[in-house]
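Participant: Handing you a structure now.
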Amino acid sequence: MNMKNHYYTLIALSALSLASCGILGKKDKGGGLPNDGQVHGIAPGSRYILPKPPGMVYIPQGTFHMGPSDEDPAYAFSARNRSVSISGFWMDATEITNNEYRQFIYWVRDSVAAKKLGAPYVKQNQDGSETVDFAKMRTLKWNDPKVVEQLNDMIIPEPDRIRGKKELDPSKIVYQVERFDLKEAAKRENAGKPRSQFIERFPVSVYPDTLVWMRDFSYSYNEPMTKRYFSHPAFGNYPVVGVNWKMAEAFCNWRTQYLNSYLDSKNRVQESDFRLPTEAQWEYAARGGRSQSMFPWGNYYLRNKKGCLLANFKPGRGNYPEDGGFYTVRADAYWPNDFGLYNMAGNVAEWTSSIYYEGSYTFQHDMNPDVRFNAKDSDPPKMKRKVLRGGSWKDVGYYLQTGTRTYEYQDSTKSYIGFRTVIDLPASSTGRRK
């Protein structure tokens, strides 16, 4: 028996022994399974009730024609129309907002600070591991001189301070990603290799790049957005920007850990990972059941019958405020599509998990198609291209089409790129949700 099979056999035997003691599954009056020599089955946990993730909507399974629904004016030929099938999944109704991303930032900040402060902000578990006591961290007095002194290496150095004000250094807000590479472990040539070879651990600096508002536009006055967009409460429900693909992936990793830690504390079954949508999932969701439509609201126009613009983009020759927003708008602005998703066209373009390759449509499977590649920093730039979808507030109408695909490099931050997440939850046998 190889090491990999031996590992999963141990897990199975452990689950079997726990179930026989009545720890897992529903316990009958006898304290275990009926002793009648028949197969009755053992559940891995208590009765499952499908949770409804806050702020997410369910995208039902279906088949659609993926690809351009109109002429390709650039003659790029980077996509062709084909029929594909997509399994059901949950998706954020809006792009991830500044407030939602700020919860992630504060969690990382508190984690880094707690590890530096030690007890009582870090708890010792019975198994020898350590966890941050976030309830205790909420009582931390950040302005206390003693606390500031202990966290001195998280504070901006003295030469970088304005009027001597001590502020947290954004570069120290670093999240430690830890995940299992199932795609690599599933390869036949990797059968029998130790599990540790497929565990990835690496740091990601996750504070948004607020300077993108000035960097993206030469000879343009955008300093107020740089100073206020992520920090002012007026923009709390606007989509977060200045987040590269790696940072979006780190957010998904944290959101998974955050949910599963809570479920574990309640002795409930662990759930799937939050992640970025694949390119095919994004397009299927954006169409909202309208298989051949050019836009999430249908064909063929960017205005309704009253002449009102239906998304936040660059109308005409650059009349930015005509659609109601000069830059971005609230993440729940305009009407949602038929699946209940907001701003699948315009506002901010959105990261997907898929690598951008011009010919990928020719060889992808017709069942949940996807092409992924985890590019390293040492890889050539061409391998770091990730698919962008949806167009943004600064784009013309062509980029708002559901079939239009473009790309950006995974380590780039922009003032017009955000993201939303998806999660795969199994169907509930009872149909109940909470």
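Starting from 1 in every chain, residues are counted up; chains themselves are A, B, ... following the order of the structure tokens, and ligands are numbered from 1 as listed.
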Can you write out as JSON lines which residues of range 149-213 of chain A fall within 12 Å of range 351-374 of chain A, alongside each residue's closest atom pair and its distance in Å to one decimal, counting only C-alpha atoms and ordering rows by chain and ascending residue number?
Facilitator:
{"residue": "A:Asp181", "atom": "CA", "partner": "A:Asn374", "partner_atom": "CA", "distance": 10.0}
{"residue": "A:Lys183", "atom": "CA", "partner": "A:Arg372", "partner_atom": "CA", "distance": 9.4}
{"residue": "A:Glu184", "atom": "CA", "partner": "A:Asn374", "partner_atom": "CA", "distance": 10.5}
{"residue": "A:Glu200", "atom": "CA", "partner": "A:Asn374", "partner_atom": "CA", "distance": 11.1}
Participant: Which residues are close to range 252-265 of chain A, i.e. within 8 Å by only C-alpha atoms, leaving aside same-chain residues fewer than 5 positions away? Reply as number ranges by chain.
Facilitator: A: 104, 177-179, 270-276, 421
Participant: Report as a ChimeraX atom specification: the residues of range 347-395 of chain A with a DSSP assignment of strand (DSSP E or B), based on the backbone of this structure.
Facilitator: /A:349-355,367,385-389
Participant: Show which residues sit within 8 Å of Glu167 in chain A, as a ChimeraX atom specification. Count only C-alpha atoms, and ignore same-chain residues fewer than 2 positions away.
Facilitator: /A:155-156,161,165,169
Participant: Just the selected residues (N, CA and C atoms), exported as a PDB file, in the first residue's frame, please.
Facilitator:
ATOM      1  N   ILE A 155       4.543  49.695  13.053  1.00  0.00           N
ATOM      2  CA  ILE A 155       4.283  51.124  12.894  1.00  0.00           C
ATOM      3  C   ILE A 155       5.199  51.689  11.809  1.00  0.00           C
ATOM      4  N   ILE A 156       4.695  52.656  11.064  1.00  0.00           N
ATOM      5  CA  ILE A 156       5.502  53.314  10.036  1.00  0.00           C
ATOM      6  C   ILE A 156       6.751  53.918  10.677  1.00  0.00           C
ATOM      7  N   ARG A 161       6.832  59.308   8.814  1.00  0.00           N
ATOM      8  CA  ARG A 161       5.641  59.846   9.464  1.00  0.00           C
ATOM      9  C   ARG A 161       5.415  61.298   9.075  1.00  0.00           C
ATOM     10  N   LYS A 165       2.909  61.511  13.437  1.00  0.00           N
ATOM     11  CA  LYS A 165       1.784  60.625  13.743  1.00  0.00           C
ATOM     12  C   LYS A 165       2.157  59.169  13.520  1.00  0.00           C
ATOM     13  N   ASP A 169       1.777  50.349   9.463  1.00  0.00           N
ATOM     14  CA  ASP A 169       2.422  50.223   8.152  1.00  0.00           C
ATOM     15  C   ASP A 169       1.627  49.222   7.309  1.00  0.00           C
TER      16      ASP A 169
END
Participant: Quick one: distance from CA of Pro224 in chain A to CA of Thr210 in chain A in Å, one decimal?
Facilitator: 10.6 Å
Participant: Applying 8 Å and only C-alpha atoms, which residues near Leu310 in chain A remain after dropping the ones on its own chain fewer than 2 positions away? List them as an MDAnalysis selection string.
Facilitator: chainID A and resid 302:304 308 312 323 334:335
Participant: Closest to Pro277 in chain A among A:Arg330, A:Lys115, A:Lys386, A:Arg109, using only C-alpha atoms?
Facilitator: A:Lys386
Participant: What does the structure give for the distance between CA of Phe64 in chain A and CA of Met344 in chain A, in Å to one decimal?
Facilitator: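 Pair CA of Phe64 in chain A / CA of Met344 in chain A returns 16.8 Å.
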Participant: For range 203-209 of chain A, work out the shell of residues within 6 Å, counting only C-alpha atoms and skipping chain neighbours fewer than 3 positions away, then give it as a PyMOL selection string.
Facilitator: chain A and resi 170+173-177+242-243+247
Participant: Counting only C-alpha atoms, figure out which residue out of A:Asn337, A:Thr278, A:Ser378, A:Asn244 gets nearest to Asp411 in chain A.
Facilitator: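 Result for the nearest residue to Asp411 in chain A: A:Asn244.
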Participant: Please, which residues in range 41-135 of chain A fall within 8 Å of range 229-240 of chain A when counting only C-alpha atoms, and what is the closest atom pair and distance in Å to one decimal for each, ordered by chain then residue number, as JSON lines?
Facilitator:
{"residue": "A:Glu95", "atom": "CA", "partner": "A:Pro239", "partner_atom": "CA", "distance": 5.6}
{"residue": "A:Ile96", "atom": "CA", "partner": "A:Pro239", "partner_atom": "CA", "distance": 5.6}
{"residue": "A:Thr97", "atom": "CA", "partner": "A:Pro239", "partner_atom": "CA", "distance": 4.1}
{"residue": "A:Asn98", "atom": "CA", "partner": "A:Val240", "partner_atom": "CA", "distance": 4.6}
{"residue": "A:Asn99", "atom": "CA", "partner": "A:Gly236", "partner_atom": "CA", "distance": 5.0}
{"residue": "A:Tyr101", "atom": "CA", "partner": "A:Val240", "partner_atom": "CA", "distance": 7.0}
Participant: Please write the residues from the selection above to a file, keeping C-alpha atoms, as an mmCIF file, in the first residue's frame.
Facilitator:
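Wrote result_4.cif, looks like this:
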data_model
loop_
_atom_site.group_PDB
_atom_site.id
_atom_site.type_symbol
_atom_site.label_atom_id
_atom_site.label_comp_id
_atom_site.auth_asym_id
_atom_site.auth_seq_id
_atom_site.Cartn_x
_atom_site.Cartn_y
_atom_site.Cartn_z
ATOM 1 C CA GLU A 95 -18.583 42.643 -6.206
ATOM 2 C CA ILE A 96 -16.674 42.395 -2.911
ATOM 3 C CA THR A 97 -17.032 45.813 -1.299
ATOM 4 C CA ASN A 98 -14.576 47.969 0.620
ATOM 5 C CA ASN A 99 -16.365 47.100 3.872
ATOM 6 C CA TYR A 101 -12.533 43.510 2.246
#
